[in-house]
Structures are given as C-alpha cells and as structure tokens.
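Asks: The structure's right below; bear with me while I get my questions together.
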Amino acid sequence: MSTVTLKGNPVQVDGRFPKLGDKAPAFTLVAKDLSNVALSSFAGKRKVLNIFPSIDTPTCATSVRRFNEQAAGLKDAVVLCISADLPFAQARFCGAEGLDNVVTLSTLRGAEFLRDYGVALASGPLAGLAARAVVVLDQNDKVLHAELVGEIAHEPDYEAALKVL
C-alpha cells in the first residue's frame, strides 16, 4: 500500500505499483467502442500508460491533451489514457478536443487493473478511482519508467516519461 495526497490530504493507494525493470501485469480494459482490449493488443510497441482518476477534471484533461500532443511525434509507440470514465465520456472528450493520437481505455470491466498496477485509491473522496500515474513499457512490456504522482492534483513529469522512449 502506498500513500498519495489530494489537495494535501493523505489518501491510501492499494496494490503494488510497478518498478523499473518489472514485467508489467497483463490487463484487459474497455475501448471507446465497448470492445475488450488487452495489453497484448499493443505487442511490439512501446506503451505510455497515462493513468488518472477522471477525464472530467482539469488536471486529467490537461494530461490527455499533453500526451496527445507528444504522441504525434512518437515512432512505434502508443499512449494509453486509462481512467474509470465510461468509454462514452472518454470518446466525447477526445472528439470535442480533436484528440486522435491517444487511445482511451476504461476500467469499466477491468477494475482489477487498479490493484494490479498499484493505483487503486482506497480512501478519500476519490476512492474507487485511479491515482495519477505514468508507466512506460518497452515492446516486451518491461517497465522503463514508473511515476506514481505524489499529489493527485499535480501533473505527471511528461519529460521524464517520454525521455525513456
């Protein structure tokens, strides 16, 4: 179990957050068309997992926009934006913003992802959602970078995440 803060207040986070060099846990999440999408669907590509509570909050929306902008220049890599939002909300947001360089995935039918990746908020007003984190994987799902953002209201370190690609 880890602890992060939300506006300075401690929040417990369940699960084991991946460490550098770990093999990333397999997962199956829900795409915007309601299909199941597994981590293995992106085999052979480097992956940026942008994990956050909800696309309907300012910091989360900013992270999706920033990663969308950066993803345009990435080769053999994909940015997966993962939250508990329904696929409809994720698609609506990306459509309204013109964001087409990221893949949105929902934990709608994959709540075990939160615990498997050590981002399950277990206390506080956002309990049940994901903590803010970025995990970067190589082509074989080995962890190249892992940041569990200490304050949920803060943005991740985009430079550090993209530098390892």
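Ligands are numbered from 1 in the order shown, chains are lettered A, B, ... in the order of the structure tokens, and residues start at 1 in each chain.
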Write out as a compact mmCIF listing (two decimals) with N, CA and C atoms, in the first residue's frame all residues of chain A that backbone DSSP assigns to strand (DSSP E).

Replies:
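And here is the file that came out, selection_16.txt:
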# COMPACT_ATOMS: atom_id res chain seq x y z
N SER A 2 0.47 2.22 -0.76
CA SER A 2 1.18 3.49 -0.85
C SER A 2 0.26 4.60 -0.33
N THR A 3 0.82 5.79 -0.22
CA THR A 3 0.03 6.95 0.15
C THR A 3 0.37 8.08 -0.81
N VAL A 4 -0.66 8.76 -1.30
CA VAL A 4 -0.51 9.99 -2.07
C VAL A 4 -1.38 11.02 -1.36
N THR A 5 -1.43 12.22 -1.90
CA THR A 5 -2.30 13.23 -1.31
C THR A 5 -3.27 13.77 -2.35
N LEU A 6 -4.38 14.28 -1.86
CA LEU A 6 -5.35 15.00 -2.67
C LEU A 6 -5.56 16.34 -1.98
N ASN A 9 -4.28 16.27 1.55
CA ASN A 9 -4.81 15.27 2.47
C ASN A 9 -4.36 13.88 2.05
N PRO A 10 -3.84 13.08 2.99
CA PRO A 10 -3.37 11.73 2.66
C PRO A 10 -4.49 10.82 2.15
N VAL A 11 -4.15 10.03 1.13
CA VAL A 11 -5.07 9.07 0.52
C VAL A 11 -4.32 7.75 0.37
N GLN A 12 -4.92 6.66 0.82
CA GLN A 12 -4.31 5.34 0.70
C GLN A 12 -4.50 4.80 -0.71
N VAL A 13 -3.46 4.14 -1.21
CA VAL A 13 -3.49 3.55 -2.55
C VAL A 13 -3.16 2.07 -2.41
N ASP A 14 -4.07 1.22 -2.87
CA ASP A 14 -3.89 -0.23 -2.76
C ASP A 14 -3.18 -0.80 -3.99
N THR A 28 -6.94 -6.34 -19.34
CA THR A 28 -7.96 -6.17 -20.37
C THR A 28 -8.87 -5.04 -19.90
N LEU A 29 -8.98 -4.01 -20.72
CA LEU A 29 -9.81 -2.84 -20.42
C LEU A 29 -10.80 -2.62 -21.55
N VAL A 30 -11.60 -1.57 -21.44
CA VAL A 30 -12.68 -1.33 -22.40
C VAL A 30 -12.36 -0.13 -23.28
N ASN A 36 -13.34 -5.22 -25.66
CA ASN A 36 -12.28 -5.50 -24.71
C ASN A 36 -10.94 -5.39 -25.42
N VAL A 37 -10.01 -4.70 -24.79
CA VAL A 37 -8.68 -4.50 -25.36
C VAL A 37 -7.65 -4.94 -24.32
N ALA A 38 -6.79 -5.85 -24.71
CA ALA A 38 -5.77 -6.37 -23.80
C ALA A 38 -4.44 -5.65 -24.03
N ARG A 46 6.06 0.31 -27.99
CA ARG A 46 6.32 0.88 -26.68
C ARG A 46 5.02 1.54 -26.23
N LYS A 47 4.76 1.51 -24.93
CA LYS A 47 3.48 1.98 -24.42
C LYS A 47 3.68 2.97 -23.29
N VAL A 48 2.93 4.07 -23.35
CA VAL A 48 2.85 5.02 -22.25
C VAL A 48 1.47 4.84 -21.64
N LEU A 49 1.41 4.41 -20.38
CA LEU A 49 0.15 4.28 -19.68
C LEU A 49 -0.06 5.55 -18.87
N ASN A 50 -0.94 6.42 -19.34
CA ASN A 50 -1.30 7.64 -18.64
C ASN A 50 -2.54 7.31 -17.82
N ILE A 51 -2.35 7.10 -16.52
CA ILE A 51 -3.41 6.62 -15.62
C ILE A 51 -3.87 7.80 -14.76
N ALA A 77 5.16 3.65 -30.91
CA ALA A 77 4.71 3.82 -29.53
C ALA A 77 3.25 4.24 -29.53
N VAL A 78 2.59 3.95 -28.43
CA VAL A 78 1.18 4.29 -28.28
C VAL A 78 0.98 4.85 -26.86
N VAL A 79 0.12 5.86 -26.76
CA VAL A 79 -0.23 6.42 -25.45
C VAL A 79 -1.62 5.91 -25.10
N LEU A 80 -1.72 5.19 -23.98
CA LEU A 80 -2.97 4.65 -23.49
C LEU A 80 -3.42 5.50 -22.30
N CYS A 81 -4.54 6.18 -22.44
CA CYS A 81 -5.08 7.02 -21.37
C CYS A 81 -6.14 6.21 -20.64
N ILE A 82 -5.86 5.88 -19.39
CA ILE A 82 -6.66 4.91 -18.64
C ILE A 82 -7.32 5.58 -17.44
N SER A 83 -8.66 5.46 -17.37
CA SER A 83 -9.41 6.01 -16.24
C SER A 83 -10.67 5.18 -16.04
N VAL A 102 -4.09 9.51 -29.06
CA VAL A 102 -4.09 8.68 -27.85
C VAL A 102 -5.21 7.65 -27.95
N VAL A 103 -5.06 6.58 -27.19
CA VAL A 103 -6.09 5.54 -27.10
C VAL A 103 -6.66 5.62 -25.69
N THR A 104 -7.98 5.81 -25.58
CA THR A 104 -8.60 5.85 -24.26
C THR A 104 -9.10 4.46 -23.90
N LEU A 105 -8.89 4.09 -22.64
CA LEU A 105 -9.33 2.80 -22.12
C LEU A 105 -9.98 3.02 -20.76
N SER A 106 -11.07 2.29 -20.52
CA SER A 106 -11.82 2.41 -19.29
C SER A 106 -11.66 1.15 -18.43
N ALA A 120 -5.05 1.87 -7.07
CA ALA A 120 -6.43 1.84 -6.56
C ALA A 120 -6.58 2.77 -5.36
N LEU A 121 -7.26 3.89 -5.55
CA LEU A 121 -7.50 4.80 -4.43
C LEU A 121 -8.45 4.11 -3.45
N ALA A 133 -0.81 8.39 -12.33
CA ALA A 133 0.46 7.70 -12.52
C ALA A 133 0.79 7.63 -14.01
N VAL A 134 2.06 7.44 -14.30
CA VAL A 134 2.52 7.18 -15.66
C VAL A 134 3.48 6.00 -15.59
N VAL A 135 3.20 5.00 -16.42
CA VAL A 135 4.06 3.83 -16.53
C VAL A 135 4.42 3.67 -18.00
N VAL A 136 5.71 3.61 -18.29
CA VAL A 136 6.16 3.45 -19.67
C VAL A 136 6.73 2.04 -19.83
N LEU A 137 6.27 1.36 -20.87
CA LEU A 137 6.67 -0.02 -21.13
C LEU A 137 7.40 -0.13 -22.46
N VAL A 143 8.95 -2.53 -17.68
CA VAL A 143 8.79 -1.16 -17.20
C VAL A 143 10.08 -0.37 -17.38
N LEU A 144 9.97 0.72 -18.15
CA LEU A 144 11.10 1.62 -18.39
C LEU A 144 11.05 2.86 -17.49
N HIS A 145 9.84 3.21 -17.07
CA HIS A 145 9.62 4.41 -16.24
C HIS A 145 8.33 4.20 -15.46
N ALA A 146 8.33 4.61 -14.20
CA ALA A 146 7.12 4.49 -13.38
C ALA A 146 7.06 5.67 -12.41
N GLU A 147 5.99 6.44 -12.51
CA GLU A 147 5.80 7.58 -11.61
C GLU A 147 4.39 7.53 -11.03
N LEU A 148 4.31 7.35 -9.74
CA LEU A 148 3.06 7.50 -9.01
C LEU A 148 3.09 8.93 -8.49

Asks: Could you give me, as a PyMOL selection string, each residue of range 2-132 of chain A that DSSP assigns to alpha helix (DSSP H) when run on this structure's backbone?

Replies: chain A and resi 58-71+87-97+112-116

Asks: My list of candidates is A:Glu69, A:Ile152, A:Asn140, A:Glu112. Which is closest to Arg16 in chain A when distances are computed with only C-alpha atoms?

Replies: A:Glu112

Asks: Mind checking which residues fall within 7 Å of Leu86 in chain A, counting only C-alpha atoms, ignoring those fewer than 3 positions away in the same chain, and posting them as a list in words?

Replies: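 Residues near the query, excluding close chain neighbours: Ala89, Gln90, Ser106 and Leu108 of chain A.
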
Asks: Mind dumping the selected residues with C-alpha atoms as a JSON list (two decimals), in the first residue's frame?

Replies:
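Heads up, here's the output in selection-v2.json:
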[["chain", "number", "residue", "atom", "x", "y", "z"],
["A", 89, "ALA", "CA", -17.30, 10.14, -21.81],
["A", 90, "GLN", "CA", -13.75, 9.41, -22.97],
["A", 106, "SER", "CA", -11.82, 2.41, -19.29],
["A", 108, "LEU", "CA", -15.39, -0.36, -16.63]]

Asks: I'd like to know which of A:His154, A:Lys7, A:Lys45, A:Lys163 is closest to Cys60 in chain A, using only C-alpha atoms.

Replies: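 For Cys60 in chain A, the nearest of the given residues is A:His154.
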
Asks: Please measure the separation of CA of Met1 in chain A and CA of Gly150 in chain A, giving the value in Å to one decimal.

Replies: 13.5 Å

Asks: Return the single residue from A:Arg109, A:Leu99, A:Pro25, A:Ala43 that is closest to Thr62 in chain A, with distances computed using only C-alpha atoms.

Replies: A:Leu99

Asks: With distances taken over only C-alpha atoms, which residue among A:Ser123, A:Ser63, A:Gln70, A:Ser54 lies nearest Pro156 in chain A?

Replies: A:Ser63

Asks: For Ala31 in chain A, which of A:Leu126, A:Ala71, A:Ala96, A:Ala84 is the closest residue, counting only C-alpha atoms?

Replies: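 Result for the nearest residue to Ala31 in chain A: A:Ala84.
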
Asks: When you count only C-alpha atoms, which of these residues is closest to Asp100 in chain A: A:Ala24, A:Ala160, A:Ala72, A:Ala122?

Replies: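 Smallest separation from Asp100 in chain A among the options: A:Ala72.
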